[in-house]
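Trainee: Below is the file upload13.cif, which contains mmCIF, C-alpha atoms.
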data_protein
#
loop_
_atom_site.label_atom_id
_atom_site.label_comp_id
_atom_site.auth_asym_id
_atom_site.auth_seq_id
_atom_site.Cartn_x
_atom_site.Cartn_y
_atom_site.Cartn_z
CA MET A 1 19.87 4.27 10.07
CA ARG A 2 19.62 4.08 6.29
CA VAL A 3 16.78 1.73 5.35
CA ILE A 4 15.42 0.46 2.04
CA GLY A 5 11.67 -0.21 2.07
CA LEU A 6 10.41 -2.71 -0.51
CA MET A 7 6.79 -2.94 -1.61
CA SER A 8 4.63 -4.51 -4.28
CA GLY A 9 0.94 -3.74 -3.92
CA THR A 10 -2.22 -5.51 -4.98
CA SER A 11 -1.73 -4.38 -8.59
CA TYR A 12 1.36 -6.66 -8.63
CA ASP A 13 2.98 -4.71 -11.46
CA ALA A 14 6.35 -3.74 -9.97
CA VAL A 15 8.62 -3.77 -6.95
CA ASP A 16 9.17 -0.29 -5.52
CA ALA A 17 12.26 0.33 -3.41
CA ALA A 18 12.34 3.58 -1.40
CA ALA A 19 15.42 4.59 0.57
CA ALA A 20 15.26 6.73 3.70
CA ASP A 21 17.50 8.04 6.43
CA LEU A 22 15.69 7.45 9.72
CA ARG A 23 16.63 8.58 13.21
CA LEU A 24 14.99 8.96 16.59
CA ASP A 25 15.19 12.43 18.10
CA GLY A 26 13.55 12.11 21.51
CA ASP A 27 9.96 11.14 20.86
CA THR A 28 10.17 12.17 17.19
CA LEU A 29 11.05 9.89 14.29
CA VAL A 30 12.72 11.93 11.54
CA LEU A 31 12.50 10.60 7.98
CA ARG A 32 14.64 11.98 5.16
CA PRO A 33 13.49 10.55 1.81
CA LEU A 34 16.35 9.59 -0.52
CA GLY A 35 14.23 8.61 -3.51
CA MET A 36 12.72 5.53 -5.07
CA VAL A 37 13.47 3.13 -7.89
CA SER A 38 10.87 0.90 -9.48
CA ALA A 39 11.48 -2.47 -11.12
CA PRO A 40 8.54 -3.90 -13.11
CA TYR A 41 7.88 -7.61 -12.78
CA ASP A 42 8.78 -9.37 -16.00
CA ASP A 43 5.81 -10.45 -18.09
CA GLY A 44 6.21 -14.11 -17.21
CA LEU A 45 6.23 -13.52 -13.46
CA ARG A 46 3.33 -11.09 -13.62
CA GLU A 47 1.29 -13.57 -15.63
CA ALA A 48 2.14 -16.40 -13.21
CA LEU A 49 1.10 -14.22 -10.29
CA GLY A 50 -2.18 -13.30 -11.93
CA VAL A 51 -3.00 -16.95 -12.55
CA ALA A 52 -2.19 -17.86 -8.93
CA LEU A 53 -4.23 -15.16 -7.17
CA PRO A 54 -7.65 -15.91 -5.65
CA PRO A 55 -10.01 -17.43 -6.46
CA ALA A 56 -7.56 -19.70 -8.28
CA SER A 57 -6.16 -22.87 -6.71
CA VAL A 58 -2.48 -23.59 -7.36
CA PRO A 59 -0.18 -26.52 -6.45
CA LEU A 60 2.49 -26.07 -3.79
CA ALA A 61 5.16 -26.42 -6.46
CA GLU A 62 3.91 -23.19 -8.04
CA VAL A 63 3.83 -21.46 -4.64
CA CYS A 64 7.50 -22.42 -4.19
CA ARG A 65 8.42 -21.12 -7.63
CA LEU A 66 6.61 -17.83 -7.01
CA ASP A 67 8.19 -17.40 -3.57
CA THR A 68 11.62 -17.78 -5.15
CA ARG A 69 11.04 -15.63 -8.23
CA ILE A 70 9.40 -12.83 -6.26
CA GLY A 71 12.24 -12.95 -3.73
CA GLN A 72 14.75 -12.63 -6.56
CA ALA A 73 12.83 -9.68 -8.02
CA PHE A 74 12.81 -7.94 -4.63
CA ALA A 75 16.52 -8.70 -4.23
CA ALA A 76 17.35 -7.06 -7.57
CA ALA A 77 15.33 -3.95 -6.65
CA ALA A 78 17.01 -3.70 -3.23
CA ARG A 79 20.47 -4.06 -4.72
CA ARG A 80 19.71 -1.35 -7.28
CA ALA A 81 18.30 1.01 -4.63
CA ASN A 82 21.35 0.52 -2.43
CA ARG A 83 23.64 1.33 -5.35
CA GLU A 84 21.71 4.25 -6.90
CA LEU A 85 20.12 5.90 -3.86
CA CYS A 86 22.44 5.04 -0.98
CA ALA A 87 25.86 4.75 -2.66
CA GLY A 88 26.11 1.28 -1.07
CA SER A 89 25.58 2.60 2.47
CA ALA A 90 22.19 1.03 3.34
CA GLU A 91 22.05 -0.75 6.69
CA LEU A 92 18.70 -2.56 6.54
CA ALA A 93 16.09 -3.75 4.06
CA ALA A 94 12.41 -3.99 4.97
CA SER A 95 10.39 -6.13 2.59
CA HIS A 96 6.60 -6.26 2.54
CA GLY A 97 6.68 -9.02 -0.09
CA GLN A 98 3.77 -9.79 -2.39
CA THR A 99 0.42 -10.54 -0.78
CA VAL A 100 -1.14 -13.57 -2.44
CA TYR A 101 -3.81 -14.42 0.13
CA HIS A 102 -5.47 -12.69 3.07
CA TRP A 103 -7.71 -15.15 4.93
CA ALA A 104 -10.62 -13.01 6.08
CA ASP A 105 -13.91 -14.58 7.10
CA GLY A 106 -16.83 -13.30 9.15
CA GLY A 107 -15.12 -10.03 9.98
CA ARG A 108 -12.00 -11.78 11.33
CA VAL A 109 -8.63 -12.42 9.74
CA HIS A 110 -7.31 -15.92 10.38
CA GLY A 111 -4.10 -15.77 8.37
CA THR A 112 -2.18 -13.93 5.67
CA LEU A 113 0.45 -14.94 3.14
CA GLN A 114 3.09 -12.75 1.51
CA LEU A 115 5.58 -14.34 -0.88
CA GLY A 116 9.12 -13.20 -1.70
CA GLN A 117 11.73 -15.23 0.20
CA PRO A 118 13.88 -12.66 2.10
CA ALA A 119 17.00 -14.85 1.97
CA TRP A 120 17.45 -13.77 -1.66
CA ILE A 121 17.47 -10.11 -0.58
CA ALA A 122 19.97 -10.74 2.23
CA GLU A 123 22.23 -12.75 -0.05
CA ALA A 124 22.14 -10.22 -2.89
CA THR A 125 22.70 -7.13 -0.75
CA GLY A 126 24.45 -8.40 2.38
CA LEU A 127 21.85 -6.51 4.42
CA PRO A 128 19.73 -7.84 7.27
CA VAL A 129 16.10 -8.02 6.14
CA VAL A 130 12.88 -7.52 8.08
CA SER A 131 9.98 -9.29 6.37
CA ASP A 132 6.62 -11.01 6.99
CA PHE A 133 5.22 -7.98 8.79
CA ARG A 134 1.52 -8.84 8.88
CA ALA A 135 1.46 -12.28 10.54
CA ARG A 136 2.34 -11.10 14.06
CA ASP A 137 -0.58 -8.66 14.17
CA VAL A 138 -2.94 -11.39 12.95
CA ALA A 139 -1.62 -13.73 15.66
CA ALA A 140 -2.40 -11.00 18.21
CA GLY A 141 -6.01 -10.92 17.05
CA GLY A 142 -5.64 -8.07 14.55
CA GLN A 143 -6.58 -7.70 10.92
CA GLY A 144 -2.95 -7.51 9.81
CA ALA A 145 -3.91 -4.39 7.86
CA PRO A 146 -3.70 -1.57 7.14
CA LEU A 147 -0.20 -1.62 8.64
CA VAL A 148 0.69 1.82 7.30
CA SER A 149 -1.85 3.20 9.78
CA LEU A 150 0.78 3.58 12.52
CA VAL A 151 2.95 5.65 10.19
CA ASP A 152 -0.08 7.75 9.20
CA LEU A 153 -1.00 8.34 12.85
CA LEU A 154 2.51 9.50 13.72
CA TRP A 155 2.83 11.59 10.56
CA LEU A 156 -0.49 13.46 10.72
CA ARG A 157 -0.45 14.00 14.49
CA GLY A 158 -0.69 17.66 15.33
CA ARG A 159 -2.27 18.76 12.05
CA PRO A 160 -5.35 20.94 12.56
CA GLY A 161 -8.85 19.50 12.42
CA THR A 162 -9.41 15.83 11.62
CA PRO A 163 -6.95 14.81 8.90
CA VAL A 164 -7.52 11.41 7.30
CA ALA A 165 -4.82 9.50 5.39
CA LEU A 166 -6.14 7.70 2.32
CA ASN A 167 -4.28 5.18 0.19
CA ILE A 168 -5.88 4.27 -3.14
CA GLY A 169 -4.21 1.10 -4.30
CA GLY A 170 -5.77 -2.07 -5.63
CA ILE A 171 -7.59 -1.91 -2.30
CA ALA A 172 -8.26 1.50 -0.74
CA ASN A 173 -7.73 2.14 2.98
CA LEU A 174 -7.88 5.06 5.35
CA THR A 175 -6.56 6.05 8.76
CA ALA A 176 -8.27 8.59 11.03
CA PRO A 177 -6.54 10.43 13.91
CA ASP A 178 -8.56 8.54 16.53
CA GLY A 179 -6.80 5.36 15.38
CA THR A 180 -9.67 4.02 13.27
CA ALA A 181 -8.23 2.38 10.15
CA PHE A 182 -9.74 0.01 7.61
CA ASP A 183 -9.99 -1.00 3.98
CA THR A 184 -12.79 0.98 2.36
CA GLY A 185 -13.22 -1.31 -0.65
CA PRO A 186 -11.82 -2.19 -4.05
CA GLY A 187 -9.78 0.93 -4.83
CA CYS A 188 -8.44 0.21 -8.32
CA ALA A 189 -8.80 -3.59 -8.22
CA LEU A 190 -12.06 -3.79 -10.14
CA LEU A 191 -11.05 -0.95 -12.47
CA ASP A 192 -7.89 -2.86 -13.40
CA ALA A 193 -9.79 -6.13 -13.77
CA ALA A 194 -12.28 -4.50 -16.14
CA ALA A 195 -9.53 -2.89 -18.22
CA ARG A 196 -7.79 -6.24 -18.64
CA GLU A 197 -11.04 -8.08 -19.34
CA TYR A 198 -12.35 -5.71 -22.01
CA SER A 199 -8.97 -5.31 -23.72
CA GLY A 200 -8.29 -9.05 -23.85
CA GLY A 201 -5.29 -8.58 -21.57
CA ARG A 202 -3.77 -5.78 -23.66
CA LEU A 203 -4.34 -3.14 -20.94
CA ALA A 204 -3.23 -3.63 -17.36
CA TYR A 205 -5.23 -0.60 -16.20
CA ASP A 206 -7.26 2.35 -17.50
CA ALA A 207 -4.39 4.81 -18.01
CA GLY A 208 -5.43 8.31 -17.05
CA GLY A 209 -9.03 7.13 -16.67
CA GLU A 210 -9.45 7.59 -20.43
CA LEU A 211 -11.99 4.79 -20.89
CA ALA A 212 -14.03 5.87 -17.86
CA ALA A 213 -14.05 9.46 -19.10
CA ARG A 214 -15.82 8.35 -22.28
CA GLY A 215 -18.53 6.41 -20.46
CA ARG A 216 -21.60 7.02 -18.34
CA PRO A 217 -22.26 5.32 -14.99
CA HIS A 218 -24.82 2.52 -15.25
CA ARG A 219 -27.08 3.00 -12.23
CA PRO A 220 -28.48 -0.57 -11.94
CA LEU A 221 -24.93 -1.97 -12.00
CA LEU A 222 -23.79 0.59 -9.43
CA ASP A 223 -26.69 -0.30 -7.14
CA ARG A 224 -25.83 -4.01 -7.36
CA LEU A 225 -22.18 -3.30 -6.54
CA LEU A 226 -23.04 -1.03 -3.62
CA ALA A 227 -25.13 -3.81 -2.10
CA GLU A 228 -21.90 -5.69 -1.26
CA PRO A 229 -22.16 -6.69 2.45
CA TYR A 230 -18.51 -5.75 3.12
CA TYR A 231 -19.34 -2.04 3.06
CA ALA A 232 -21.76 -2.42 5.98
CA LEU A 233 -19.20 -4.13 8.25
CA ARG A 234 -17.87 -2.04 11.12
CA PRO A 235 -14.13 -1.40 11.37
CA PRO A 236 -11.61 -2.72 11.93
CA LYS A 237 -12.02 -4.65 8.70
CA THR A 238 -9.87 -5.68 5.75
CA THR A 239 -10.47 -7.12 2.34
CA GLY A 240 -8.56 -7.98 -0.83
CA LYS A 241 -8.64 -9.65 -4.19
CA GLU A 242 -10.03 -12.72 -2.48
CA LEU A 243 -13.30 -10.77 -2.78
CA PHE A 244 -12.78 -8.15 -5.48
CA HIS A 245 -11.53 -10.20 -8.44
CA PRO A 246 -12.59 -10.52 -12.13
CA GLY A 247 -15.14 -13.23 -11.31
CA TYR A 248 -16.80 -10.88 -8.80
CA LEU A 249 -17.17 -8.33 -11.57
CA ARG A 250 -18.69 -10.83 -13.98
CA ALA A 251 -21.12 -12.02 -11.30
CA ALA A 252 -22.31 -8.42 -10.86
CA GLY A 253 -23.79 -8.54 -14.35
CA VAL A 254 -21.59 -6.54 -16.71
CA ASP A 255 -22.33 -8.64 -19.81
CA GLY A 256 -23.63 -6.57 -22.68
CA LEU A 257 -22.56 -3.23 -21.18
CA PRO A 258 -20.06 -1.04 -23.05
CA ALA A 259 -16.57 -1.13 -21.60
CA GLN A 260 -16.48 2.63 -21.03
CA ASP A 261 -19.76 2.53 -19.09
CA VAL A 262 -18.48 -0.28 -16.86
CA LEU A 263 -15.28 1.67 -16.15
CA ALA A 264 -17.26 4.83 -15.45
CA THR A 265 -19.49 2.89 -13.05
CA LEU A 266 -16.52 1.35 -11.24
CA THR A 267 -14.90 4.77 -10.91
CA VAL A 268 -18.01 6.04 -9.16
CA LEU A 269 -18.08 2.90 -6.99
CA THR A 270 -14.54 3.50 -5.74
CA ALA A 271 -15.13 7.21 -5.19
CA ARG A 272 -18.46 6.62 -3.46
CA THR A 273 -17.19 3.95 -1.05
CA VAL A 274 -14.11 6.05 -0.21
CA ALA A 275 -16.22 9.19 0.32
CA ASP A 276 -18.68 7.31 2.55
CA ALA A 277 -15.79 6.06 4.66
CA VAL A 278 -14.22 9.52 4.88
CA ARG A 279 -17.51 11.03 6.03
CA SER A 280 -17.88 8.35 8.70
CA ALA A 281 -14.50 9.47 10.07
CA GLY A 282 -15.59 13.12 10.28
CA ALA A 283 -12.63 14.20 8.17
CA THR A 284 -11.81 17.85 7.63
CA GLU A 285 -8.87 17.06 5.31
CA VAL A 286 -7.92 14.02 3.20
CA VAL A 287 -4.27 13.31 2.37
CA ALA A 288 -4.18 10.76 -0.46
CA SER A 289 -1.46 8.51 -1.84
CA GLY A 290 -1.16 5.41 -4.00
CA GLY A 291 -1.49 4.65 -7.70
CA GLY A 292 -5.12 5.75 -7.79
CA THR A 293 -4.07 9.38 -7.26
CA ARG A 294 -2.71 9.29 -10.83
CA ASN A 295 -6.19 8.68 -12.25
CA PRO A 296 -7.58 12.20 -12.85
CA VAL A 297 -11.13 10.95 -13.48
CA LEU A 298 -11.21 9.12 -10.16
CA MET A 299 -9.67 12.06 -8.30
CA SER A 300 -12.15 14.49 -9.88
CA GLU A 301 -15.08 12.32 -8.80
CA LEU A 302 -13.62 12.04 -5.31
CA ARG A 303 -13.25 15.81 -5.02
CA ARG A 304 -16.86 16.24 -6.11
CA LEU A 305 -18.17 13.74 -3.56
CA LEU A 306 -15.94 14.95 -0.71
CA ALA A 307 -16.63 18.67 -1.09
CA PRO A 308 -16.27 20.80 0.96
CA THR A 309 -13.68 18.53 2.61
CA GLY A 310 -10.29 19.23 1.02
CA LEU A 311 -8.40 16.52 -0.88
CA ARG A 312 -4.65 16.78 -1.37
CA THR A 313 -1.89 14.29 -2.15
CA SER A 314 0.89 13.29 0.22
CA ASP A 315 3.43 14.91 -2.13
CA GLU A 316 2.40 18.26 -0.67
CA LEU A 317 3.51 17.09 2.77
CA GLY A 318 6.85 15.67 1.64
CA LEU A 319 6.09 12.01 0.86
CA PRO A 320 5.68 11.14 -2.84
CA ALA A 321 2.22 9.63 -3.32
CA ALA A 322 3.50 6.72 -5.39
CA ALA A 323 6.24 5.86 -2.89
CA LYS A 324 4.49 6.38 0.43
CA GLU A 325 3.85 2.72 1.20
CA ALA A 326 7.46 1.75 0.44
CA TYR A 327 8.61 4.52 2.81
CA ALA A 328 6.10 3.29 5.39
CA PHE A 329 7.63 -0.19 5.37
CA ALA A 330 11.08 1.33 5.73
CA VAL A 331 9.74 2.94 8.92
CA LEU A 332 8.22 -0.33 10.14
CA GLY A 333 11.50 -2.14 9.49
CA PHE A 334 13.38 0.54 11.43
CA LEU A 335 11.00 0.12 14.38
CA THR A 336 11.46 -3.66 14.35
CA ALA A 337 15.25 -3.30 14.28
CA HIS A 338 14.95 -1.14 17.40
CA GLY A 339 12.59 -3.56 19.14
CA LEU A 340 9.68 -1.09 18.93
CA PRO A 341 6.03 -1.87 18.11
CA GLY A 342 4.85 -1.32 14.56
CA THR A 343 1.10 -1.43 15.18
CA ASP A 344 -1.60 0.54 16.91
CA PRO A 345 -4.32 -1.82 18.22
CA ARG A 346 -6.97 0.82 17.57
CA ALA A 347 -6.24 0.51 13.86
CA THR A 348 -5.96 -3.26 13.42
CA GLY A 349 -8.10 -4.52 16.30
CA ALA A 350 -5.24 -6.50 17.84
CA ARG A 351 -5.10 -7.24 21.58
CA ARG A 352 -1.80 -5.39 21.96
CA PRO A 353 0.89 -3.55 19.97
CA SER A 354 3.42 -5.89 18.38
CA VAL A 355 7.00 -5.73 17.20
CA LEU A 356 6.46 -6.89 13.64
CA GLY A 357 8.11 -9.32 11.29
CA SER A 358 10.94 -11.78 11.12
CA VAL A 359 14.59 -10.82 10.71
CA THR A 360 16.93 -12.54 8.25
CA PRO A 361 20.58 -11.87 9.18
CA GLY A 362 22.78 -10.05 6.68
CA ARG A 363 26.41 -10.70 5.86
CA ASP A 364 27.43 -9.16 9.20
CA GLY A 365 24.59 -10.63 11.23
CA LEU A 366 21.63 -8.82 12.76
CA PRO A 367 20.94 -5.06 12.51
CA ALA A 368 22.55 -2.87 15.15
CA PRO A 369 19.90 -0.60 16.75
CA ARG A 370 20.76 2.92 17.79
CA GLY A 371 19.03 5.53 19.94
CA THR A 372 17.05 5.56 23.15
CA GLY A 373 14.67 2.72 22.36
CA ALA A 374 11.62 4.88 23.22
CA ALA A 375 8.61 4.51 20.94
CA PRO A 376 8.13 7.65 18.82
CA ARG A 377 5.03 9.79 19.24
CA ARG A 378 5.26 11.59 15.93
CA LEU A 379 6.92 11.38 12.52
CA VAL A 380 8.51 14.35 10.78
CA VAL A 381 9.42 14.25 7.08
CA THR A 382 12.16 16.65 6.03
CA THR A 383 11.06 18.78 3.06
CA GLU A 384 12.48 21.19 0.50
CA ALA A 385 11.41 24.09 2.73
CA ASP A 386 13.32 22.60 5.66
CA ARG A 387 16.46 22.38 3.55
CA ALA A 388 16.03 25.90 2.22
CA GLU A 389 16.06 27.12 5.81
CA GLY A 390 19.15 25.05 6.54
CA GLY A 391 17.30 22.77 8.91
CA ALA A 392 17.88 19.51 7.06
CA GLU A 393 20.53 17.71 5.10
CA GLU A 394 20.56 17.40 1.33
CA ARG A 395 17.78 15.05 0.31
CA GLY A 396 19.46 13.07 -2.46
CA ARG A 397 18.13 12.19 -5.85
CA GLN A 398 14.48 11.41 -6.55
CA ARG A 399 13.76 8.61 -8.98
CA PRO A 400 10.71 8.07 -11.22
CA MET A 401 7.70 6.72 -9.35
CA SER A 402 5.83 3.55 -10.29
CA ARG A 403 2.13 2.74 -10.16
CA ASP A 404 2.42 0.97 -6.81
CA ARG A 405 -0.95 0.35 -5.24
#
Spit out the file's structure as structure tokens when you get a sec.
Mentor:
Amino acid sequence: MRVIGLMSGTSYDAVDAAAADLRLDGDTLVLRPLGMVSAPYDDGLREALGVALPPASVPLAEVCRLDTRIGQAFAAAARRANRELCAGSAELAASHGQTVYHWADGGRVHGTLQLGQPAWIAEATGLPVVSDFRARDVAAGGQGAPLVSLVDLLWLRGRPGTPVALNIGGIANLTAPDGTAFDTGPGCALLDAAAREYSGGRLAYDAGGELAARGRPHRPLLDRLLAEPYYALRPPKTTGKELFHPGYLRAAGVDGLPAQDVLATLTVLTARTVADAVRSAGATEVVASGGGTRNPVLMSELRRLLAPTGLRTSDELGLPAAAKEAYAFAVLGFLTAHGLPGTDPRATGARRPSVLGSVTPGRDGLPAPRGTGAAPRRLVVTTEADRAEGGAEERGRQRPMSRDR
């Protein structure tokens, strides 16, 4: 089945659309990446989203407008991916949507809201659409995140030692082979907030970590940030911009500090909280993905703190680091279309595995599942080496990657 996975992360800068050929071969799910296209949100939509995110309060009329405009943006990205990556042959779209609120309180998640009306995607492409993935896991008592943990567990199964999958987006999360998965902390959320704040909105993020590289960590500020109670919670646990937002940063006492020192401090905060989480998992190898992997200052600090544990990016194992989450939702959509669970209760804390999401019919109705219907036990990604040996089909074109987080 040829599936387009659609994702916009907590940096809310673009919609990424990754296309994949997926098939079940016994207990193995085989993924052939076809590439990714990225469509930045227009300035007006990005600004409207930023104004609407927590801790802001917005009227329902604005929620309706955002749901429509985000849905249209996702629809345009899906249509482009189908044309450029699949030659019009896609069979399913799987849309994560845009998270605007994750209702976490007292270690429990009570609800979650992703906007981006899937009817626009179905109408624009003619494809059936799986969407609203997180709500079913929350209803089953889970955290609703990190949902990519099932994909990580299948993908890293069989690797030697204790490999841990790490995604550094606006929020960072990890998955360990024993099924433990959780959000480690702010990832790039506070870094991005500081870059916007100190530049008067001119910078969306600290490109290449250039500001942080010129600064020195401010120890009193770092100590105040590390005192955040979230870090002491036991997994499973999730967080978001409901906690780590610009107001949180101001409340930590950054007034009067040079911008570069604040960015340097926040870089250490992200690296330190990730490294602490990795150590708690007993990792022997860390496979990283997400927009944060493109920040060399952050990655250098992570390598220093993680040593001697090795740190590599998912590109080395066949999944582009900037596209991994979009591919993961393509997998979750494929599983839903086949009536198969998309969660591991060990990762989210749910009472049971769940078939995720809601399905919006396409022009020809609902998706037609194929295969045995048995839940896969592992995921294999076809690579350049596989093709060189004649063991895989031609991969297709790769497109430029976005800063999805």
Trainee: Step by step, work through what the PyMOL selection byres ((chain A and resi 317) around 12) selects in the shown file, and finish by giving those residues as a list in words.
Mentor: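 So the PyMOL selection byres ((chain A and resi 317) around 12), applied here, picks out Pro33, Asp152, Trp155, Leu156, Arg159, Ala165, Val286, Val287, Ala288, Ser289, Arg312, Thr313, Ser314, Asp315, Glu316, Gly318, Leu319, Pro320, Ala321, Lys324, Leu379, Val380, Val381, Thr382, Thr383, Glu384, Ala385 and Asp386 of chain A.
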Trainee: Could you jot down the atom CA of Ala212 of chain A to atom CA of Lys237 of chain A separation for me, Å, one decimal place?
Mentor: 28.6 Å
Trainee: Can you work out which one of A:Gly253, A:Val359, A:Ala17, A:Ala374 has the shortest atom-to-atom distance to Ala119 of chain A, counting all atoms listed in the file?
Mentor: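 Checking each of A:Gly253, A:Val359, A:Ala17, A:Ala374 against Ala119 of chain A, counting all atoms listed in the file, the winner is A:Val359.
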Trainee: Would you place a box with edges along x, y and z of the file around all atoms of segment 186-199 of chain A listed there, add 5 Å to each of its six sides, and report the centre and edge lengths in Å to one decimal, as JSON?
Mentor:
{"center_x": -10.1, "center_y": -3.6, "center_z": -13.9, "size_x": 14.6, "size_y": 19.0, "size_z": 29.7}
Trainee: As a short mmCIF file (atom, residue, chain, number, x, y, z; two decimals) with C-alpha atoms, keeping the file's coordinate frame, please: the residues near Leu366 of chain A (cut-off 12 Å, only C-alpha atoms, same-chain neighbours under 6 positions excluded).
Mentor:
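Done, and the output landed in part-v4.cif:
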data_model
loop_
_atom_site.label_atom_id
_atom_site.label_comp_id
_atom_site.auth_asym_id
_atom_site.auth_seq_id
_atom_site.Cartn_x
_atom_site.Cartn_y
_atom_site.Cartn_z
CA GLU A 91 22.05 -0.75 6.69
CA LEU A 92 18.70 -2.56 6.54
CA ALA A 93 16.09 -3.75 4.06
CA ALA A 122 19.97 -10.74 2.23
CA GLY A 126 24.45 -8.40 2.38
CA LEU A 127 21.85 -6.51 4.42
CA PRO A 128 19.73 -7.84 7.27
CA VAL A 129 16.10 -8.02 6.14
CA VAL A 130 12.88 -7.52 8.08
CA THR A 336 11.46 -3.66 14.35
CA ALA A 337 15.25 -3.30 14.28
CA HIS A 338 14.95 -1.14 17.40
CA SER A 358 10.94 -11.78 11.12
CA VAL A 359 14.59 -10.82 10.71
CA THR A 360 16.93 -12.54 8.25
#
Trainee: Generate the coordinates of N, CA and C atoms for segment 113-127 of chain A; report them as a CSV table (one decimal), keeping the file's coordinate frame.
Mentor:
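Okay, this is what ended up in out36.csv:
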chain,number,residue,atom,x,y,z
A,113,LEU,N,-0.7,-14.4,3.8
A,113,LEU,CA,0.4,-14.9,3.1
A,113,LEU,C,1.1,-13.9,2.2
A,114,GLN,N,2.3,-13.6,2.4
A,114,GLN,CA,3.1,-12.8,1.5
A,114,GLN,C,4.3,-13.6,1.0
A,115,LEU,N,4.5,-13.6,-0.3
A,115,LEU,CA,5.6,-14.3,-0.9
A,115,LEU,C,6.7,-13.4,-1.2
A,116,GLY,N,7.9,-14.0,-1.4
A,116,GLY,CA,9.1,-13.2,-1.7
A,116,GLY,C,10.2,-13.5,-0.7
A,117,GLN,N,10.8,-14.7,-0.8
A,117,GLN,CA,11.7,-15.2,0.2
A,117,GLN,C,12.8,-14.2,0.5
A,118,PRO,N,12.9,-13.7,1.8
A,118,PRO,CA,13.9,-12.7,2.1
A,118,PRO,C,15.3,-13.1,2.0
A,119,ALA,N,15.6,-14.4,2.1
A,119,ALA,CA,17.0,-14.8,2.0
A,119,ALA,C,17.7,-14.4,0.7
A,120,TRP,N,16.9,-14.3,-0.4
A,120,TRP,CA,17.4,-13.8,-1.7
A,120,TRP,C,17.9,-12.3,-1.5
A,121,ILE,N,17.1,-11.5,-0.8
A,121,ILE,CA,17.5,-10.1,-0.6
A,121,ILE,C,18.7,-10.0,0.3
A,122,ALA,N,18.8,-10.8,1.4
A,122,ALA,CA,20.0,-10.7,2.2
A,122,ALA,C,21.2,-11.2,1.5
A,123,GLU,N,21.1,-12.2,0.7
A,123,GLU,CA,22.2,-12.8,0.0
A,123,GLU,C,22.7,-11.8,-1.1
A,124,ALA,N,21.8,-11.1,-1.8
A,124,ALA,CA,22.1,-10.2,-2.9
A,124,ALA,C,22.7,-8.9,-2.4
A,125,THR,N,22.3,-8.4,-1.2
A,125,THR,CA,22.7,-7.1,-0.8
A,125,THR,C,23.7,-7.2,0.4
A,126,GLY,N,23.7,-8.3,1.1
A,126,GLY,CA,24.4,-8.4,2.4
A,126,GLY,C,23.8,-7.8,3.6
A,127,LEU,N,22.6,-7.2,3.4
A,127,LEU,CA,21.8,-6.5,4.4
A,127,LEU,C,21.0,-7.4,5.2
